[in-house]
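So this one's structure-v1.cif, mmCIF, C-alpha atoms:
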```cif
data_coords
#
loop_
_atom_site.label_atom_id
_atom_site.label_comp_id
_atom_site.auth_asym_id
_atom_site.auth_seq_id
_atom_site.Cartn_x
_atom_site.Cartn_y
_atom_site.Cartn_z
CA MET A 289 116.14 133.43 124.00
CA SER A 290 117.81 136.17 121.96
CA PHE A 291 116.12 138.07 119.19
CA PHE A 292 118.09 136.19 116.53
CA ASP A 293 117.18 132.84 118.09
CA LYS A 294 113.52 133.85 117.97
CA VAL A 295 113.85 134.88 114.32
CA LYS A 296 115.66 131.63 113.54
CA GLN A 297 112.95 129.61 115.33
CA GLY A 298 110.23 131.53 113.47
CA ALA A 299 111.92 130.86 110.15
CA SER A 300 112.31 127.18 111.04
CA ASP A 301 108.63 126.94 111.99
CA ALA A 302 107.62 128.67 108.75
CA ALA A 303 109.79 126.26 106.73
CA LYS A 304 108.19 123.27 108.46
CA LYS A 305 104.70 124.65 107.80
CA ALA A 306 105.59 125.20 104.14
CA GLN A 307 106.95 121.66 103.85
CA GLN A 308 103.76 120.35 105.48
CA THR A 309 101.64 122.33 102.99
CA VAL A 310 103.63 120.99 100.04
CA GLU A 311 103.29 117.41 101.34
CA ILE A 312 99.53 117.76 101.85
CA THR A 313 99.14 119.29 98.37
CA LYS A 314 100.99 116.33 96.82
CA LEU A 315 98.84 113.86 98.74
CA LYS A 316 95.63 115.64 97.70
CA ALA A 317 96.81 115.52 94.08
CA GLN A 318 97.30 111.75 94.45
CA ILE A 319 93.75 111.44 95.80
CA SER A 320 92.41 113.49 92.90
CA GLY A 321 94.16 111.22 90.40
CA LYS A 322 92.77 108.10 92.05
CA GLU A 323 89.27 109.60 92.07
CA LYS A 324 89.55 110.21 88.31
CA ASP A 325 90.66 106.59 87.87
CA ILE A 326 87.57 105.49 89.83
CA GLU A 327 85.35 107.58 87.57
CA LYS A 328 86.90 105.88 84.52
CA LEU A 329 86.28 102.47 86.08
CA CYS A 330 82.65 103.38 86.81
CA LEU A 331 82.24 104.43 83.19
CA GLN A 332 83.72 101.09 82.06
CA ILE A 333 81.37 99.25 84.43
CA GLY A 334 78.39 101.05 82.93
CA GLU A 335 79.56 100.35 79.40
CA ALA A 336 80.02 96.65 80.18
CA VAL A 337 76.55 96.39 81.70
CA TYR A 338 75.01 98.18 78.73
CA ARG A 339 76.86 95.92 76.26
CA GLY A 340 75.44 92.96 78.16
CA HIS A 341 71.98 94.49 78.04
CA GLN A 342 72.24 95.04 74.29
CA ALA A 343 73.40 91.46 73.78
CA GLY A 344 70.57 90.21 75.99
CA ASP A 345 73.10 88.56 78.32
CA ILE A 346 73.96 90.80 81.28
CA ALA A 347 75.29 87.77 83.17
CA GLY A 348 77.95 87.41 80.48
CA THR A 349 79.58 90.64 81.64
CA GLU A 350 79.64 89.64 85.31
CA ALA A 351 83.33 88.69 85.38
CA GLU A 352 84.37 91.96 83.73
CA VAL A 353 82.18 94.05 86.01
CA THR A 354 83.43 92.19 89.10
CA GLU A 355 87.06 92.84 88.15
CA LEU A 356 86.39 96.53 87.51
CA CYS A 357 84.61 96.79 90.87
CA ARG A 358 87.58 95.11 92.58
CA GLN A 359 89.91 97.69 91.02
CA ALA A 360 87.65 100.53 92.20
CA ASP A 361 87.60 99.05 95.73
CA GLU A 362 91.40 98.93 95.68
CA LEU A 363 91.57 102.60 94.69
CA HIS A 364 89.13 103.54 97.49
CA THR A 365 91.40 101.73 99.97
CA GLU A 366 94.44 103.60 98.63
CA ILE A 367 92.56 106.89 99.04
CA LYS A 368 91.79 106.06 102.68
CA VAL A 369 95.51 105.38 103.30
CA ILE A 370 96.44 108.72 101.73
CA GLU A 371 93.79 110.50 103.82
CA GLU A 372 95.36 108.97 106.94
CA ARG A 373 98.77 110.24 105.78
CA ILE A 374 97.27 113.72 105.45
CA LYS A 375 95.90 113.52 108.99
CA TRP A 376 99.27 112.36 110.28
CA THR A 377 101.03 115.19 108.44
CA ARG A 378 98.60 117.63 110.04
CA ASN A 379 99.18 115.98 113.43
CA GLU A 380 95.54 114.81 113.58
CA LYS A 381 93.56 111.64 114.20
CA THR A 382 89.87 110.79 113.97
CA CYS A 383 87.68 109.48 116.77
CA ALA A 384 85.19 106.68 116.10
CA CYS A 385 82.44 109.33 116.23
CA GLY A 386 84.09 111.17 113.31
CA LYS A 387 85.55 114.12 115.27
CA VAL A 388 89.04 115.11 114.06
CA VAL A 389 91.40 115.96 116.95
CA THR A 390 95.14 116.48 117.44
CA LEU A 391 97.33 113.41 117.95
CA ASP A 392 98.01 114.22 121.59
CA THR A 393 94.29 114.30 122.50
CA ARG A 394 93.47 111.53 124.96
CA PHE A 395 89.67 111.87 125.09
CA CYS A 396 87.28 112.95 122.35
CA PRO A 397 85.74 116.34 123.19
CA ASP A 398 82.46 115.33 121.52
CA CYS A 399 81.73 111.80 122.73
CA GLY A 400 84.27 111.28 125.54
CA THR A 401 85.80 108.14 124.02
CA GLN A 402 89.35 107.43 125.20
CA LEU A 403 91.67 107.67 122.23
CA ALA A 404 94.89 105.79 121.60
CA THR A 405 97.78 107.92 122.82
CA GLU A 406 100.25 106.74 120.22
CA GLU A 407 99.46 105.79 116.65
CA PRO A 408 101.82 104.04 114.25
CA LYS A 409 103.72 106.53 112.14
CA VAL A 410 102.76 106.52 108.49
CA GLU A 411 105.61 106.80 105.98
CA THR A 412 105.75 110.07 104.14
CA THR A 413 106.82 110.68 100.57
CA VAL A 414 109.18 113.49 101.58
CA GLY A 415 112.10 112.40 103.75
CA GLU A 416 113.39 114.46 106.63
CA ILE A 417 116.58 113.83 108.54
CA VAL A 418 116.00 113.75 112.29
CA VAL A 419 117.93 112.79 115.41
CA ILE A 420 116.33 110.11 117.59
CA CYS A 421 116.78 110.56 121.33
CA SER A 422 118.54 107.57 122.91
CA GLN A 423 116.47 107.94 126.09
CA CYS A 424 112.85 108.53 125.00
CA HIS A 425 113.18 107.81 121.24
CA ALA A 426 111.54 111.13 120.30
CA GLU A 427 112.35 112.74 116.96
CA ASN A 428 114.38 115.94 117.10
CA GLU A 429 115.65 118.38 114.48
CA LEU A 430 119.03 117.58 113.00
CA ASN A 431 120.71 120.57 114.67
CA ALA A 432 119.07 120.04 118.09
CA LYS A 433 121.48 119.84 121.02
CA VAL A 434 118.88 118.70 123.56
CA CYS A 435 115.83 116.42 123.15
CA VAL A 436 112.61 118.44 122.95
CA THR A 437 110.72 115.75 124.90
CA CYS A 438 112.96 114.70 127.78
CA GLY A 439 115.86 117.19 127.80
CA THR A 440 118.58 114.59 127.22
CA GLY A 441 121.67 115.90 125.42
CA LEU A 442 121.93 114.77 121.79
CA ASN A 443 125.71 115.01 121.31
CA ASN A 444 126.67 112.10 118.96
CA GLY A 445 123.99 109.91 120.46
CA ALA A 446 125.60 110.02 123.94
CA PRO A 447 123.53 111.76 126.59
CA GLU A 448 125.24 114.86 128.02
CA HIS A 449 122.79 115.37 130.87
CA THR A 450 119.12 115.12 131.68
CA PHE A 451 117.14 118.04 133.07
#
```
Is it possible to give me this structure as structure tokens?
Amino acid sequence: MSFFDKVKQGASDAAKKAQQTVEITKLKAQISGKEKDIEKLCLQIGEAVYRGHQAGDIAGTEAEVTELCRQADELHTEIKVIEERIKWTRNEKTCACGKVVTLDTRFCPDCGTQLATEEPKVETTVGEIVVICSQCHAENELNAKVCVTCGTGLNNGAPEHTF
């Protein structure tokens, strides 16, 4: 690999890392917004309960409180989905024991549990154009000439050769 190829690869890696950082920052901002919405809902729940207490009929606010709790549960679920997107963006997954490991890890280093080798890909909010290998279906950079996983040529979708 020539010096310029190394510089080009380094710049490409830096650009990918910057894009990953931007994506994670956006996702964390979404989580922060949802957490603020949950705080507002909790305040509304407390106000409803107190109004019921003042009126001497806490049961009368049950429907309102239940709906507000349902909305908070929905936001918590959305936060969990966003947290999974962050892990995917970082190329991470979580074992049942709570240990965070890279996606290619097959066994948890803490508890020894066998981990799924392939997880479903979560959609991201930032699109990236990639070339899918016709042989192994791996994602490759748009300007890649050869698949990074299996070595198949990526010329117009027709394999040139396999190494």
> the PyMOL selection byres ((chain A and resi 360) around 10) on the file shown: which residues, as a PyMOL selection string?
Replying inline: chain A and resi 322-323+325-330+354-359+361-366
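For the residues A:Ala317, A:Cys396, A:Ser300, A:Ser290, ranking by smallest atom-to-atom distance to Leu430 in chain A using only C-alpha atoms places A:Ser300 first.
The protein and nucleic acid residues lying at most 12 Å from Cys385 in chain A are A:Phe395, A:Cys396, A:Pro397, A:Asp398, A:Cys399, A:Gly400, A:Thr401, A:Gln402, A:Leu403, with all atoms listed in the file considered and sequence neighbours fewer than 5 positions away removed.
Remark: residues at most 10 Å from position (89.6, 113.2, 116.0) in file coordinates are Lys375, Glu380, Lys381, Thr382, Cys383, Ala384, Cys385, Gly386, Lys387, Val388, Val389, Thr390, Leu391, Thr393, Arg394, Phe395, Cys396, Pro397, Asp398 and Leu403 of chain A, using all atoms listed in the file.
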> Which value, in Å to one decimal, gives the distance between CA of Glu427 in chain A and CA of Arg373 in chain A?
Replying inline: 17.8 Å
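With CA of Val337 in chain A on one side and CA of Lys368 in chain A on the other, the separation reads 27.7 Å.
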Leaving out Cys435 in chain A and any residue of its chain fewer than 6 positions from it, which residues lie within 10 Å of it when counting all atoms listed in the file, given as a JSON list (two decimals) with C-alpha atoms, keeping the file's coordinate frame?
```json
[["chain", "number", "residue", "atom", "x", "y", "z"],
["A", 419, "VAL", "CA", 117.93, 112.79, 115.41],
["A", 420, "ILE", "CA", 116.33, 110.11, 117.59],
["A", 421, "CYS", "CA", 116.78, 110.56, 121.33],
["A", 422, "SER", "CA", 118.54, 107.57, 122.91],
["A", 423, "GLN", "CA", 116.47, 107.94, 126.09],
["A", 424, "CYS", "CA", 112.85, 108.53, 125.00],
["A", 425, "HIS", "CA", 113.18, 107.81, 121.24],
["A", 426, "ALA", "CA", 111.54, 111.13, 120.30],
["A", 427, "GLU", "CA", 112.35, 112.74, 116.96],
["A", 428, "ASN", "CA", 114.38, 115.94, 117.10],
["A", 429, "GLU", "CA", 115.65, 118.38, 114.48],
["A", 441, "GLY", "CA", 121.67, 115.90, 125.42],
["A", 442, "LEU", "CA", 121.93, 114.77, 121.79],
["A", 447, "PRO", "CA", 123.53, 111.76, 126.59],
["A", 450, "THR", "CA", 119.12, 115.12, 131.68]]
```
>> Give me, as an NGL selection string, all polymer residues having an atom no more than 12 Å from Lys305 in chain A, counting all atoms listed in the file and skipping those fewer than 5 positions away in the same chain.
In response: :A and (298-300 or 310-312 or 377-379)
